[in-house]
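Undergrad: Below are the structure tokens for one structure; questions will follow.
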Amino acid sequence: MPDTRARILIVDDVPSNVHVLSRILRDDYEIYFATNGDKALELVQARLPDLVLLDIMMPGMDGFEVCARIKESPATANIPVIFISARGEVEDETRGLEVGAIDFITKPISPPIVQARVRNHILLKRQTDLLRQLSFLDGLTGIPNRRRFDEVLALEWRRCGRSRLPVSVIMLDVDHFKAFNDRYGHQSGDDCLRAVSRLLSEHVMRPGDLVARFGGEEFVCLLPETDAEGAARVAERLRAAVEAEAIPHAASPTAGHVTISLGCAGTVPPPDRPPDELLDVADRALYEAKRGGRNRYRMAEMGMVAG
């Protein structure tokens with residue numbers, strides 16, 4: 001069975017201190033350690049620990065800087081940090097809290113105190129993670145919502161921009177959805193949206209891709225490291241999957257079953273342009289797909305690929 005225990009990263013340049021903390025906590029948690037700031041930041045990104053126990057005084061990058069850098073990254077900002085240090089001055093504790101630490105333990109450490117504080121912060125972290133996860137899900141379909149999509153798009157836009165990689169989005173609508181609701185009722189309309197969201201999720205294959213409900217009968221797919229042509233291939237796969245499901249739609253002038261229209265856009269993110277522009281281009285492509293007869297996709301190049 002995989003290890004489902006909470007993960008703790010211990011950061012201290014003195015191996016004996018790491019050993020003491022590890023001995024206190026290893027029976028209940030999965031332990032990682034680093035002896036300098038650079039390695040700590042590398043492990044934070046790679047392992048996403050549930051808690052960091054961080055020494056202040058280290059050569060090179062001190063604990064304050066490590067904590068500040070953990071908190072400035074959206075991917076790691078929610079990881080709680082506890083400073084453990086022989087320095088117990090009010091100024092140190094104040095500065096630690098200012099850079100984002102959640103608690104402060106002074107040396108020499110007391111094993112029961114360390115265990116209790118770690119246990120409390122791990123419990124709080126898990127409760128917070130659960131609430132955050134629920135806030136990112138669409139209540140009707142169970143897939144990510146617009147808020148989650150916007151957050152991930154911003155992260156991937158920056159990441160792909162730094163790496164000079166393309167990122168694409170697909171905007172799509174359920175064709176003639178108002179007519180579907182009028183004909184079959186809103187309960188059937190909800191069932192239709194759930195079925196479409198399931199099909200989209202099943203046919204967007206890669207773990208890094210994201211399908212979200214954008215609002216109403218509109219959905220959006222985020223495809224990192226994918227150009228517009230690649231997005232077009234995904235769009236056709238999604239269109240065909242929904243058509244093959246053959247959900248009856250007698251009120252549709254396009255077909256006797258539910259269909260979708262899609263607009264694709266992709267680019268290598270330039271450093272000085274917002275990701276909303278990519279959405280605007282995909283939305284215009286979606287409009288062209290609707291104007292062209294629906295149950296089809298249209299592809300648009302963003303026209304702003306950086307040199």
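Following the order of the structure tokens, chains are lettered A, B, ..., residues in each are numbered from 1, and ligands are numbered from 1.
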If we count only C-alpha atoms, what is near range 263-280 of chain A at a cut-off of 6 Å, once residues fewer than 4 positions away on the same chain are taken out, given as an MDAnalysis selection string?

TA: chainID A and resid 161 165:171 227:228 285:286 297:302 305:306

Undergrad: If we count only C-alpha atoms, what is near range 100-114 of chain A at a cut-off of 9 Å, once residues fewer than 6 positions away on the same chain are taken out, given as a short mmCIF file (atom, residue, chain, number, x, y, z; two decimals) with N, CA, C and O atoms, in the first residue's frame?

TA:
```cif
data_model
loop_
_atom_site.label_atom_id
_atom_site.label_comp_id
_atom_site.auth_asym_id
_atom_site.auth_seq_id
_atom_site.Cartn_x
_atom_site.Cartn_y
_atom_site.Cartn_z
N LEU A 21 14.93 15.41 15.46
CA LEU A 21 13.56 15.66 15.03
C LEU A 21 12.98 14.45 14.29
O LEU A 21 11.81 14.10 14.47
N ILE A 24 11.83 11.83 16.69
CA ILE A 24 10.60 12.20 17.37
C ILE A 24 9.37 11.95 16.49
O ILE A 24 8.31 11.53 16.98
N LEU A 25 9.51 12.15 15.18
CA LEU A 25 8.34 12.21 14.30
C LEU A 25 8.20 11.03 13.33
O LEU A 25 7.13 10.85 12.74
N PHE A 64 14.72 32.54 7.09
CA PHE A 64 13.76 33.59 6.75
C PHE A 64 13.58 33.67 5.23
O PHE A 64 12.45 33.78 4.72
N CYS A 67 11.68 30.57 3.89
CA CYS A 67 10.25 30.69 4.17
C CYS A 67 9.59 31.68 3.22
O CYS A 67 8.52 31.41 2.67
N ALA A 68 10.22 32.83 3.01
CA ALA A 68 9.65 33.85 2.14
C ALA A 68 9.48 33.31 0.72
O ALA A 68 8.47 33.58 0.06
N ILE A 70 9.15 30.13 -0.16
CA ILE A 70 8.06 29.14 -0.15
C ILE A 70 6.73 29.86 -0.27
O ILE A 70 5.84 29.44 -1.02
N LYS A 71 6.57 30.96 0.45
CA LYS A 71 5.29 31.66 0.49
C LYS A 71 5.01 32.49 -0.76
O LYS A 71 3.86 32.81 -1.04
N ALA A 77 2.52 28.13 -1.41
CA ALA A 77 2.20 29.15 -0.41
C ALA A 77 1.38 28.61 0.75
O ALA A 77 1.42 29.15 1.86
N PRO A 80 2.37 24.97 5.55
CA PRO A 80 2.73 25.63 6.81
C PRO A 80 4.21 25.44 7.15
O PRO A 80 4.79 24.37 6.90
N VAL A 81 4.80 26.48 7.72
CA VAL A 81 6.21 26.47 8.11
C VAL A 81 6.30 26.75 9.61
O VAL A 81 5.71 27.73 10.10
N ILE A 82 7.03 25.90 10.32
CA ILE A 82 7.33 26.13 11.74
C ILE A 82 8.83 26.37 11.86
O ILE A 82 9.63 25.52 11.43
N PHE A 83 9.21 27.50 12.42
CA PHE A 83 10.62 27.75 12.68
C PHE A 83 11.03 27.04 13.97
O PHE A 83 10.32 27.09 14.98
N ILE A 84 12.19 26.37 13.90
CA ILE A 84 12.79 25.76 15.10
C ILE A 84 14.20 26.33 15.22
O ILE A 84 15.03 26.13 14.33
N SER A 85 14.45 27.06 16.31
CA SER A 85 15.72 27.77 16.41
C SER A 85 16.13 27.96 17.85
O SER A 85 15.29 28.04 18.76
N ALA A 86 17.44 28.05 18.06
CA ALA A 86 17.96 28.37 19.39
C ALA A 86 17.77 29.83 19.71
O ALA A 86 17.89 30.25 20.86
N ARG A 87 17.50 30.63 18.69
CA ARG A 87 17.29 32.07 18.91
C ARG A 87 15.83 32.30 19.28
O ARG A 87 14.92 32.04 18.51
N GLY A 88 15.62 32.82 20.47
CA GLY A 88 14.26 33.01 20.96
C GLY A 88 13.87 34.46 21.14
O GLY A 88 12.90 34.75 21.84
N GLU A 93 11.13 35.98 16.31
CA GLU A 93 9.80 35.39 16.18
C GLU A 93 8.90 36.30 15.35
O GLU A 93 8.14 35.83 14.49
N HIS A 121 -0.97 21.30 13.56
CA HIS A 121 -0.83 22.01 12.29
C HIS A 121 -1.10 21.10 11.10
O HIS A 121 -1.64 21.55 10.08
#
```

Undergrad: Just checking: using only C-alpha atoms, which residue out of A:His249, A:Pro74, A:Ser201, A:His186 ends up closest to Arg158 in chain A?

TA: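 Counting only C-alpha atoms, the residue closest to Arg158 in chain A is A:Pro74.
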
Undergrad: Give me, please, the distance in Å between CA of Asp173 in chain A and CA of Glu245 in chain A, quoted to one decimal.

TA: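 These two atoms are separated by 16.0 Å.
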
Undergrad: If DSSP is run on the backbone, what residues of range 14-216 of chain A are strand (DSSP E)? A reply as a ChimeraX atom specification would be ideal.

TA: /A:30-34,51-54,81-85,103-106,167-174,210-215

Undergrad: For the residues selected in the previous step, produce a file with N, CA and C atoms as an mmCIF file, in the first residue's frame.

TA:
```cif
data_model
loop_
_atom_site.group_PDB
_atom_site.id
_atom_site.type_symbol
_atom_site.label_atom_id
_atom_site.label_comp_id
_atom_site.auth_asym_id
_atom_site.auth_seq_id
_atom_site.Cartn_x
_atom_site.Cartn_y
_atom_site.Cartn_z
ATOM 1 N N GLU A 30 5.919 10.748 7.237
ATOM 2 C CA GLU A 30 6.944 10.499 6.228
ATOM 3 C C GLU A 30 7.923 11.675 6.265
ATOM 4 N N ILE A 31 9.185 11.393 6.498
ATOM 5 C CA ILE A 31 10.169 12.443 6.770
ATOM 6 C C ILE A 31 11.124 12.612 5.589
ATOM 7 N N TYR A 32 11.338 13.868 5.209
ATOM 8 C CA TYR A 32 12.399 14.243 4.277
ATOM 9 C C TYR A 32 13.289 15.263 4.995
ATOM 10 N N PHE A 33 14.502 15.445 4.510
ATOM 11 C CA PHE A 33 15.341 16.448 5.151
ATOM 12 C C PHE A 33 16.232 17.123 4.124
ATOM 13 N N ALA A 34 16.651 18.333 4.479
ATOM 14 C CA ALA A 34 17.610 19.098 3.678
ATOM 15 C C ALA A 34 18.521 19.828 4.649
ATOM 16 N N LEU A 51 4.125 19.939 5.820
ATOM 17 C CA LEU A 51 4.643 20.827 6.861
ATOM 18 C C LEU A 51 6.156 20.924 6.685
ATOM 19 N N VAL A 52 6.707 22.104 6.963
ATOM 20 C CA VAL A 52 8.157 22.299 6.941
ATOM 21 C C VAL A 52 8.605 22.740 8.327
ATOM 22 N N LEU A 53 9.585 22.015 8.885
ATOM 23 C CA LEU A 53 10.255 22.409 10.125
ATOM 24 C C LEU A 53 11.584 23.032 9.717
ATOM 25 N N LEU A 54 11.766 24.316 9.998
ATOM 26 C CA LEU A 54 12.829 25.088 9.358
ATOM 27 C C LEU A 54 13.713 25.792 10.384
ATOM 28 N N VAL A 81 4.800 26.480 7.719
ATOM 29 C CA VAL A 81 6.211 26.469 8.112
ATOM 30 C C VAL A 81 6.301 26.753 9.608
ATOM 31 N N ILE A 82 7.033 25.900 10.324
ATOM 32 C CA ILE A 82 7.330 26.126 11.738
ATOM 33 C C ILE A 82 8.827 26.366 11.860
ATOM 34 N N PHE A 83 9.205 27.496 12.418
ATOM 35 C CA PHE A 83 10.618 27.749 12.678
ATOM 36 C C PHE A 83 11.032 27.039 13.966
ATOM 37 N N ILE A 84 12.190 26.366 13.905
ATOM 38 C CA ILE A 84 12.791 25.759 15.095
ATOM 39 C C ILE A 84 14.199 26.325 15.217
ATOM 40 N N SER A 85 14.451 27.058 16.313
ATOM 41 C CA SER A 85 15.723 27.769 16.406
ATOM 42 C C SER A 85 16.130 27.960 17.853
ATOM 43 N N ASP A 103 4.231 29.091 13.138
ATOM 44 C CA ASP A 103 4.543 28.819 14.544
ATOM 45 C C ASP A 103 6.054 28.936 14.735
ATOM 46 N N PHE A 104 6.486 28.909 16.004
ATOM 47 C CA PHE A 104 7.890 29.109 16.331
ATOM 48 C C PHE A 104 8.200 28.267 17.563
ATOM 49 N N ILE A 105 9.166 27.352 17.440
ATOM 50 C CA ILE A 105 9.578 26.504 18.552
ATOM 51 C C ILE A 105 11.053 26.778 18.844
ATOM 52 N N THR A 106 11.380 27.025 20.112
ATOM 53 C CA THR A 106 12.770 27.318 20.483
ATOM 54 C C THR A 106 13.470 26.059 20.983
ATOM 55 N N VAL A 167 0.967 26.871 -24.783
ATOM 56 C CA VAL A 167 -0.179 26.507 -23.966
ATOM 57 C C VAL A 167 -1.432 26.832 -24.787
ATOM 58 N N SER A 168 -2.431 25.953 -24.704
ATOM 59 C CA SER A 168 -3.658 26.126 -25.499
ATOM 60 C C SER A 168 -4.883 25.988 -24.616
ATOM 61 N N VAL A 169 -5.972 26.580 -25.084
ATOM 62 C CA VAL A 169 -7.267 26.396 -24.441
ATOM 63 C C VAL A 169 -8.309 26.060 -25.500
ATOM 64 N N ILE A 170 -9.326 25.331 -25.063
ATOM 65 C CA ILE A 170 -10.489 25.029 -25.893
ATOM 66 C C ILE A 170 -11.712 25.537 -25.154
ATOM 67 N N MET A 171 -12.453 26.438 -25.779
ATOM 68 C CA MET A 171 -13.742 26.873 -25.246
ATOM 69 C C MET A 171 -14.822 26.101 -25.987
ATOM 70 N N LEU A 172 -15.839 25.621 -25.269
ATOM 71 C CA LEU A 172 -16.895 24.861 -25.955
ATOM 72 C C LEU A 172 -18.244 25.085 -25.297
ATOM 73 N N ASP A 173 -19.271 25.004 -26.118
ATOM 74 C CA ASP A 173 -20.664 25.156 -25.701
ATOM 75 C C ASP A 173 -21.460 23.922 -26.086
ATOM 76 N N VAL A 174 -22.465 23.586 -25.281
ATOM 77 C CA VAL A 174 -23.470 22.614 -25.692
ATOM 78 C C VAL A 174 -24.428 23.331 -26.639
ATOM 79 N N LEU A 210 -6.599 20.093 -17.971
ATOM 80 C CA LEU A 210 -7.683 20.436 -17.044
ATOM 81 C C LEU A 210 -8.959 20.707 -17.822
ATOM 82 N N VAL A 211 -10.048 20.099 -17.370
ATOM 83 C CA VAL A 211 -11.388 20.386 -17.889
ATOM 84 C C VAL A 211 -12.169 21.064 -16.780
ATOM 85 N N ALA A 212 -12.827 22.175 -17.101
ATOM 86 C CA ALA A 212 -13.579 22.919 -16.087
ATOM 87 C C ALA A 212 -14.898 23.402 -16.671
ATOM 88 N N ARG A 213 -15.860 23.591 -15.787
ATOM 89 C CA ARG A 213 -17.114 24.237 -16.204
ATOM 90 C C ARG A 213 -16.908 25.733 -16.105
ATOM 91 N N PHE A 214 -17.108 26.417 -17.211
ATOM 92 C CA PHE A 214 -16.851 27.841 -17.280
ATOM 93 C C PHE A 214 -18.060 28.648 -16.836
ATOM 94 N N GLY A 215 -19.231 28.065 -17.006
ATOM 95 C CA GLY A 215 -20.465 28.750 -16.622
ATOM 96 C C GLY A 215 -21.605 28.300 -17.509
#
```

Undergrad: So how many Å separate CA of Glu91 in chain A and CA of Pro49 in chain A, to one decimal?

TA: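 Calculated distance between CA of Glu91 in chain A and CA of Pro49 in chain A is 27.3 Å.
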
Undergrad: Could you jot down the CA of Val242 in chain A to CA of Gly292 in chain A separation for me, Å, one decimal place?

TA: 18.5 Å

Undergrad: Calculated over only C-alpha atoms, which of the candidates A:Asp190, A:Asp209, A:Asp175, A:Asp28 has the smallest distance to Gly293 in chain A?

TA: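 Of A:Asp190, A:Asp209, A:Asp175, A:Asp28, the one nearest Gly293 in chain A, counting only C-alpha atoms, is A:Asp175.
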